[in-house]
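Content type compact mmCIF, C-alpha atoms, from the file target27.txt:
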# COMPACT_ATOMS: atom_id res chain seq x y z
CA MET A 1 0.00 0.00 0.00
CA PRO A 2 1.13 3.64 -0.33
CA SER A 3 3.42 4.80 2.46
CA THR A 4 0.80 6.82 4.31
CA ASP A 5 -1.55 6.41 7.27
CA VAL A 6 -4.47 4.22 6.32
CA THR A 7 -7.05 6.77 7.56
CA THR A 8 -5.49 9.39 5.28
CA LEU A 9 -5.70 6.90 2.42
CA ILE A 10 -9.38 6.22 3.18
CA ARG A 11 -10.20 9.95 3.22
CA THR A 12 -8.49 10.32 -0.15
CA GLU A 13 -10.33 7.40 -1.74
CA LEU A 14 -13.75 7.98 -0.14
CA PRO A 15 -15.20 10.39 -2.76
CA ARG A 16 -14.52 7.87 -5.54
CA LEU A 17 -16.11 4.87 -3.83
CA PRO A 18 -19.65 3.64 -4.56
CA GLY A 19 -22.29 4.02 -1.85
CA SER A 20 -21.92 0.69 -0.02
CA LEU A 21 -18.13 0.91 0.10
CA ARG A 22 -18.32 4.53 1.18
CA LYS A 23 -20.44 3.50 4.19
CA VAL A 24 -17.68 1.18 5.33
CA GLY A 25 -15.03 3.89 4.97
CA GLU A 26 -17.12 6.47 6.81
CA LEU A 27 -17.66 4.16 9.80
CA ILE A 28 -13.94 3.37 9.98
CA LEU A 29 -13.07 7.08 9.99
CA GLU A 30 -15.73 7.73 12.64
CA ASP A 31 -14.01 5.44 15.17
CA PRO A 32 -10.85 3.69 13.91
CA ALA A 33 -9.98 2.32 17.35
CA ALA A 34 -13.35 0.55 17.72
CA VAL A 35 -13.02 -1.03 14.28
CA THR A 36 -9.83 -2.82 15.35
CA HIS A 37 -12.00 -4.94 17.65
CA CYS A 38 -14.56 -5.85 14.94
CA SER A 39 -14.61 -8.83 12.62
CA ALA A 40 -15.31 -8.21 8.93
CA ALA A 41 -18.78 -9.70 9.38
CA GLU A 42 -19.52 -7.43 12.36
CA LEU A 43 -18.32 -4.35 10.50
CA GLY A 44 -20.57 -5.35 7.61
CA ARG A 45 -23.56 -5.56 9.95
CA ARG A 46 -22.76 -2.21 11.57
CA THR A 47 -22.65 -0.52 8.16
CA GLY A 48 -25.76 -2.26 6.85
CA THR A 49 -23.71 -4.02 4.19
CA SER A 50 -21.98 -7.42 4.30
CA GLN A 51 -18.68 -9.15 4.96
CA ALA A 52 -18.09 -9.35 1.21
CA THR A 53 -18.58 -5.57 0.91
CA VAL A 54 -15.99 -4.99 3.65
CA THR A 55 -13.53 -7.20 1.75
CA ARG A 56 -14.22 -5.28 -1.48
CA PHE A 57 -13.65 -2.03 0.39
CA CYS A 58 -10.22 -3.18 1.53
CA ARG A 59 -9.23 -4.12 -2.00
CA ALA A 60 -10.62 -0.85 -3.38
CA ILE A 61 -8.20 1.16 -1.23
CA GLY A 62 -5.25 -1.07 -2.12
CA LEU A 63 -5.14 -3.50 0.82
CA ASP A 64 -4.87 -7.27 0.46
CA SER A 65 -7.44 -8.21 3.10
CA TYR A 66 -9.44 -7.09 6.12
CA GLN A 67 -6.66 -8.38 8.35
CA HIS A 68 -4.29 -6.05 6.53
CA LEU A 69 -6.64 -3.15 7.32
CA LEU A 70 -6.69 -4.07 11.04
CA ILE A 71 -2.89 -4.18 11.14
CA GLU A 72 -2.61 -0.77 9.46
CA LEU A 73 -5.16 0.77 11.85
CA ALA A 74 -3.34 -0.66 14.89
CA GLN A 75 0.04 0.58 13.66
CA GLU A 76 -1.34 4.04 12.95
CA ARG A 77 -2.85 4.22 16.42
CA GLY A 78 0.46 3.15 17.93
CA ARG A 79 2.35 5.85 16.05
CA GLY A 80 -0.11 8.47 17.27
CA GLU A 81 0.12 7.36 20.91
CA SER A 82 3.94 7.29 20.94
CA SER A 83 4.48 10.50 18.98
CA ASP A 84 5.75 13.72 20.56
CA TRP A 85 3.94 15.88 18.02
CA GLY A 86 0.37 14.65 18.51
CA SER A 87 -2.14 13.94 21.25
CA ALA A 88 -4.57 11.02 21.19
CA GLU A 89 -7.04 13.00 23.30
CA ILE A 90 -7.40 15.90 20.84
CA GLY A 91 -9.68 15.08 17.95
CA PRO A 92 -10.26 16.94 14.69
CA ASP A 93 -13.72 18.38 15.44
CA ILE A 94 -14.19 21.93 16.67
CA SER A 95 -17.60 22.96 17.97
CA PRO A 96 -18.97 26.53 18.18
CA ASP A 97 -18.65 26.37 21.98
CA ASP A 98 -15.01 25.23 22.12
CA SER A 99 -12.54 27.52 23.85
CA LEU A 100 -9.81 29.32 21.95
CA GLU A 101 -7.29 27.16 23.83
CA ARG A 102 -8.83 24.01 22.36
CA VAL A 103 -8.96 25.57 18.88
CA VAL A 104 -5.22 26.30 19.08
CA GLN A 105 -4.50 22.76 20.32
CA VAL A 106 -6.55 21.09 17.60
CA VAL A 107 -5.22 23.23 14.75
CA GLY A 108 -1.62 23.04 15.95
CA THR A 109 -1.77 19.28 16.43
CA ALA A 110 -3.32 18.78 12.99
CA ASP A 111 -0.64 20.87 11.29
CA LEU A 112 2.20 19.12 13.12
CA ARG A 113 0.69 15.74 12.32
CA ALA A 114 0.38 16.56 8.62
CA ILE A 115 4.00 17.71 8.43
CA GLN A 116 5.29 14.67 10.34
CA GLN A 117 3.29 12.27 8.19
CA THR A 118 4.73 13.91 5.09
CA ILE A 119 8.27 13.60 6.49
CA ASP A 120 7.66 9.93 7.35
CA ARG A 121 6.52 9.10 3.83
CA ILE A 122 8.86 11.39 1.89
CA ASP A 123 10.57 9.85 -1.11
CA LEU A 124 14.12 11.20 -1.05
CA ASP A 125 14.85 9.85 -4.52
CA ALA A 126 11.81 11.71 -5.87
CA ILE A 127 12.90 14.97 -4.21
CA GLU A 128 16.38 14.54 -5.66
CA ARG A 129 15.11 13.82 -9.19
CA ALA A 130 12.75 16.79 -9.01
CA ALA A 131 15.48 19.11 -7.75
CA GLN A 132 17.95 17.96 -10.41
CA ALA A 133 15.37 18.64 -13.13
CA VAL A 134 14.45 22.07 -11.76
CA ALA A 135 18.09 23.11 -11.23
CA ARG A 136 19.00 22.48 -14.87
CA ALA A 137 15.68 23.57 -16.44
CA ARG A 138 15.62 26.28 -19.09
CA ARG A 139 12.19 27.29 -17.85
CA ILE A 140 9.77 26.14 -15.11
CA ASP A 141 5.97 26.29 -15.22
CA VAL A 142 3.97 25.83 -12.00
CA TYR A 143 0.24 25.08 -12.32
CA GLY A 144 -2.37 25.32 -9.55
CA VAL A 145 -5.83 26.80 -8.98
CA GLY A 146 -7.81 27.74 -5.89
CA GLY A 147 -5.90 26.90 -2.71
CA SER A 148 -3.21 25.19 -4.78
CA GLY A 149 -2.89 28.38 -6.81
CA ALA A 150 -1.56 30.14 -3.71
CA VAL A 151 1.02 27.37 -3.32
CA ALA A 152 1.96 27.72 -7.00
CA GLN A 153 2.60 31.44 -6.47
CA GLU A 154 4.67 30.68 -3.37
CA THR A 155 6.71 28.16 -5.35
CA GLU A 156 7.34 30.80 -7.99
CA THR A 157 8.46 33.31 -5.35
CA ARG A 158 10.97 30.95 -3.77
CA LEU A 159 12.53 29.59 -6.95
CA PHE A 160 12.64 33.04 -8.56
CA ARG A 161 14.72 34.34 -5.62
CA ILE A 162 17.49 31.83 -6.40
CA GLY A 163 17.67 32.63 -10.09
CA CYS A 164 15.27 30.13 -11.65
CA ALA A 165 13.29 31.12 -14.75
CA VAL A 166 9.92 30.23 -13.19
CA ARG A 167 6.30 31.33 -13.55
CA GLY A 168 3.26 30.30 -11.53
CA TRP A 169 0.07 29.94 -13.56
CA THR A 170 -3.35 29.97 -11.87
CA GLU A 171 -5.63 30.48 -14.89
CA VAL A 172 -6.17 27.52 -17.22
CA HIS A 173 -6.03 29.34 -20.58
CA ALA A 174 -2.76 31.09 -19.73
CA ALA A 175 -1.34 27.91 -18.21
CA THR A 176 -2.23 25.83 -21.26
CA THR A 177 -0.77 28.45 -23.60
CA SER A 178 2.47 28.38 -21.65
CA ALA A 179 2.51 24.56 -21.59
CA ALA A 180 2.18 24.47 -25.38
CA LEU A 181 5.45 26.40 -25.64
CA LEU A 182 7.51 24.12 -23.38
CA THR A 183 10.32 21.88 -24.62
CA PRO A 184 12.24 18.85 -23.30
CA ALA A 185 14.61 21.34 -21.64
CA ASP A 186 11.79 22.57 -19.37
CA VAL A 187 9.94 21.47 -16.22
CA ALA A 188 6.23 21.61 -15.34
CA ILE A 189 5.08 21.37 -11.72
CA GLY A 190 1.41 20.55 -11.08
CA ILE A 191 -0.05 21.17 -7.60
CA SER A 192 -3.40 19.68 -6.60
CA HIS A 193 -4.43 18.15 -3.26
CA SER A 194 -6.90 15.77 -4.93
CA GLY A 195 -4.81 15.29 -8.06
CA ALA A 196 -8.04 15.49 -10.04
CA THR A 197 -8.44 19.22 -10.76
CA ARG A 198 -9.07 19.52 -14.50
CA GLU A 199 -7.68 23.05 -14.77
CA THR A 200 -4.34 21.78 -13.44
CA ILE A 201 -4.27 18.44 -15.26
CA GLU A 202 -4.96 19.96 -18.70
CA PRO A 203 -1.78 22.10 -18.95
CA PHE A 204 0.20 19.47 -17.02
CA GLU A 205 -0.60 16.73 -19.55
CA LEU A 206 0.12 19.08 -22.44
CA ALA A 207 3.51 19.92 -20.90
CA LYS A 208 4.27 16.20 -20.78
CA GLU A 209 3.29 15.83 -24.45
CA ARG A 210 5.71 18.65 -25.27
CA GLY A 211 8.50 16.65 -23.62
CA ALA A 212 8.90 18.67 -20.41
CA THR A 213 9.77 16.87 -17.17
CA THR A 214 6.57 16.75 -15.10
CA ILE A 215 6.51 16.91 -11.28
CA ALA A 216 3.26 16.37 -9.34
CA LEU A 217 2.58 17.55 -5.79
CA THR A 218 -0.56 15.80 -4.55
CA ALA A 219 -1.97 13.86 -1.61
CA ASP A 220 -3.20 11.04 -3.86
CA PRO A 221 -0.45 8.88 -5.42
CA ARG A 222 -3.03 7.17 -7.66
CA SER A 223 -4.68 10.35 -8.98
CA PRO A 224 -4.72 11.43 -12.65
CA LEU A 225 -2.14 14.14 -11.88
CA ALA A 226 0.19 11.61 -10.25
CA ARG A 227 -0.22 9.17 -13.14
CA ALA A 228 0.79 11.88 -15.63
CA ALA A 229 3.94 12.80 -13.68
CA ASP A 230 7.52 11.75 -14.19
CA VAL A 231 8.16 12.54 -10.50
CA ARG A 232 5.58 12.39 -7.68
CA LEU A 233 5.89 14.28 -4.38
CA ILE A 234 3.18 13.10 -1.98
CA SER A 235 1.82 15.29 0.82
CA SER A 236 -0.42 14.52 3.77
CA SER A 237 -3.17 16.38 5.58
CA SER A 238 -4.88 16.30 8.96
CA GLU A 239 -8.27 17.89 8.58
CA THR A 240 -10.23 19.78 11.22
CA SER A 241 -13.56 21.56 11.26
CA PHE A 242 -13.42 24.51 8.82
CA ARG A 243 -10.13 23.22 7.32
CA THR A 244 -10.69 20.34 4.93
CA GLY A 245 -8.95 19.20 1.75
CA SER A 246 -6.21 21.43 0.40
CA ILE A 247 -6.48 23.89 3.31
CA GLY A 248 -5.59 21.14 5.80
CA ALA A 249 -2.71 20.05 3.54
CA ARG A 250 -1.16 23.48 3.00
CA HIS A 251 1.62 23.20 5.58
CA SER A 252 2.78 19.77 4.42
CA VAL A 253 2.82 20.87 0.77
CA LEU A 254 4.88 23.95 1.66
CA MET A 255 7.27 21.69 3.57
CA LEU A 256 7.82 19.69 0.36
CA ILE A 257 8.29 22.95 -1.58
CA ASP A 258 10.86 24.07 1.01
CA CYS A 259 12.80 20.81 0.64
CA LEU A 260 12.75 21.16 -3.14
CA TYR A 261 13.75 24.85 -2.98
CA VAL A 262 16.70 24.26 -0.64
CA ARG A 263 17.96 21.28 -2.66
CA VAL A 264 17.75 23.31 -5.90
CA GLY A 265 19.73 26.04 -4.14
CA GLN A 266 22.39 23.51 -3.24
CA LEU A 267 22.58 22.12 -6.76
CA SER A 268 22.86 25.59 -8.32
CA TYR A 269 24.85 27.12 -5.48
CA GLN A 270 26.74 29.82 -7.40
CA ARG A 271 23.65 31.06 -9.23
CA ALA A 272 21.49 30.90 -6.09
CA SER A 273 24.07 32.69 -3.94
CA ALA A 274 24.56 35.43 -6.53
CA SER A 275 20.80 35.93 -6.87
CA LEU A 276 20.29 36.18 -3.12
CA ALA A 277 23.19 38.60 -2.76
CA LEU A 278 21.69 40.88 -5.40
CA THR A 279 18.24 40.92 -3.80
CA ASP A 280 18.74 40.60 -0.03
CA HIS A 281 18.82 44.37 0.48
CA ILE A 282 15.45 45.03 -1.14
CA ALA A 283 13.12 44.22 1.76
CA GLY A 284 15.24 46.20 4.22
CA ALA A 285 15.39 49.16 1.88
CA HIS A 286 11.60 49.38 1.93
CA ALA A 287 11.20 49.09 5.70
CA VAL A 288 9.62 52.10 7.38
CA LYS A 289 12.11 53.79 9.70
CA SER A 290 10.82 54.29 13.23
CA ARG A 291 10.76 57.86 14.49
CA ARG A 292 12.59 58.73 17.66
CA ALA A 293 10.42 59.98 20.44
CA ARG A 294 10.88 63.72 21.08
Render the structure in this file as structure tokens.
Amino acid sequence: MPSTDVTTLIRTELPRLPGSLRKVGELILEDPAAVTHCSAAELGRRTGTSQATVTRFCRAIGLDSYQHLLIELAQERGRGESSDWGSAEIGPDISPDDSLERVVQVVGTADLRAIQQTIDRIDLDAIERAAQAVARARRIDVYGVGGSGAVAQETETRLFRIGCAVRGWTEVHAATTSAALLTPADVAIGISHSGATRETIEPFELAKERGATTIALTADPRSPLARAADVRLISSSSETSFRTGSIGARHSVLMLIDCLYVRVGQLSYQRASASLALTDHIAGAHAVKSRRAR
């Protein structure tokens, strides 16, 4: 199975599952700990389905058997209980009556968990291949819309500072036009939490047809975006009330971008150092000088 927590995998796959299989996934996410004490037949009864449906669910998310699911749930629970960055007592739900202290605890724990899960599953070879391609690229396109569009712009900002010829595209017509002009000397980076956003996939696939190296940043390693990529960088997310999908994944995606950015800086050290030296003074030069009290 993909190197990620099984509950994260279930959340990713849930929207694509048919109704009966979705019921099984929803009950597992509702109380993963309780499910570890259920047989497949009992879980089928609790979801109003059957033992065979539970088995099909396991296979639909890439597991060999129900026993495999139980092992993954137990291991995930063990990691959560032993971790320094999470708390088993703090859940993802925030009610209107919760205190600000609890809101901070829940949000902070979710963000730390997402980053740690991404670190645990990170593919160092994929980061290296992506960085090598970006460092030597003639030109770099970054595609993303909505929440991922903000990440695309942030990627542009970071790589531009170290001398890369990069542009973030958040509108599909402009992105597709740019993709049509790419060559095998170029790189295209597609960013989508679901990996199924048409406005991102369209220019991304065209960039691949043009021969550019394609790099996908997504939470779903089996998504259309991931399948179209030469290199896949997989993020994680821990959702809370008011912060679902790409919003919950933002910190882990930016962590991957940071790793890529720093490695590109290493690989193009002279260019990156020269670029930073030429631009480091700009922010300070525009700082408002404080007035001395008279």
Exercise. Within 12 Å of Asp64 of chain A, counting only C-alpha atoms, which residues qualify if same-chain residues fewer than 6 places away don't, as a list of chain:residue names?
Worked result: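 Within the cut-off, the hits are A:Met1, A:Val54, A:Thr55, A:Arg56, A:Phe57, A:Cys58, A:Leu70, A:Ile71, A:Glu72.
Closest approach to Ala216 of chain A from the set A:Val103, A:Ile282, A:Val166, A:Ala130 is made by A:Ala130, with distances taken over only C-alpha atoms.
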For this session: Pick out the closest residue to Ser148 of chain A from this set: A:Thr177, A:Thr197, A:Thr118, A:Gln67. Count all atoms listed in the file.
Result: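 For Ser148 of chain A, the nearest of the candidates is A:Thr197.
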Problem set entry | Residue neighbourhood Val264 of chain A, 9 Å, all atoms listed in the file, exclusion window fewer than 3 positions, as number ranges by chain | A: 128, 130-135, 159, 162, 259-261, 267-269, 272
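If you look at atom CA of Gly78 of chain A and atom CA of Asp123 of chain A, they are 22.6 Å away from each other.
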Problem set entry | Among listed residues A:Arg161, A:Glu199, A:Glu156, A:His173, nearest Asp280 of chain A (using only C-alpha atoms) |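 Of the candidates, the smallest distance to Asp280 of chain A is held by A:Arg161.
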Exercise. Using all atoms listed in the file, which of the listed residues (A:Glu101, A:Glu30, A:Asp186, A:Glu202) sits closest to Val145 of chain A?
Worked result: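 Closest to Val145 of chain A, using all atoms listed in the file: A:Glu202.
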For this session: Determine the nearest neighbour of Val172 of chain A from the options A:Gln105, A:Thr218, A:Thr36, A:Thr200, counting only C-alpha atoms.
Result: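 Nearest candidate to Val172 of chain A out of A:Gln105, A:Thr218, A:Thr36, A:Thr200: A:Thr200.
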For this session: Enter the distance from atom CA of Arg139 of chain A to atom CA of Leu124 of chain A, in Å, rounded to one decimal.
Result: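 Distance between the two atoms: 23.3 Å.
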Exercise. So what do you get for atom CA of Leu217 of chain A versus atom CA of Glu154 of chain A, distance-wise?
Worked result: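 Computing the Euclidean distance for atom CA of Leu217 of chain A and atom CA of Glu154 of chain A yields 13.5 Å.
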Exercise. Which one of A:Ser39, A:Ser65, A:Thr279, A:Ser236 sits closest to Thr8 of chain A if you count all atoms listed in the file?
Worked result: A:Ser236
Exercise. Which residues come within 9 Å of Arg22 of chain A, counting all atoms listed in the file, excluding same-chain residues fewer than 6 positions away, as a list in words?
Worked result: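 Once the nearby chain positions are removed, what remains is Glu13, Leu14, Pro15, Arg16 and Phe57 of chain A.
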For this session: Determine, counting all atoms listed in the file, which protein, DNA and RNA residues have an atom within 9 Å of an atom of Val253 of chain A; residues of the same chain fewer than 4 positions away are not included. Present the result as number ranges by chain.
Result: A: 115, 118, 151, 191, 193, 217-219, 233-237, 249, 257-258
For this session: Considering all atoms listed in the file, return as number ranges by chain whatever protein or nucleic-acid residues lie within 8 Å of Leu29 of chain A, sequence-local ones (same chain, fewer than 6 positions apart) excluded.
Result: A: 7, 10-11
How about saving the chosen residues, C-alpha atoms kept, as a PDB file, keeping the file's coordinate frame?
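The resulting out.pdb:
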ATOM      1  CA  THR A   7      -7.050   6.770   7.560  1.00  0.00           C
ATOM      2  CA  ILE A  10      -9.380   6.220   3.180  1.00  0.00           C
ATOM      3  CA  ARG A  11     -10.200   9.950   3.220  1.00  0.00           C
TER       4      ARG A  11
END
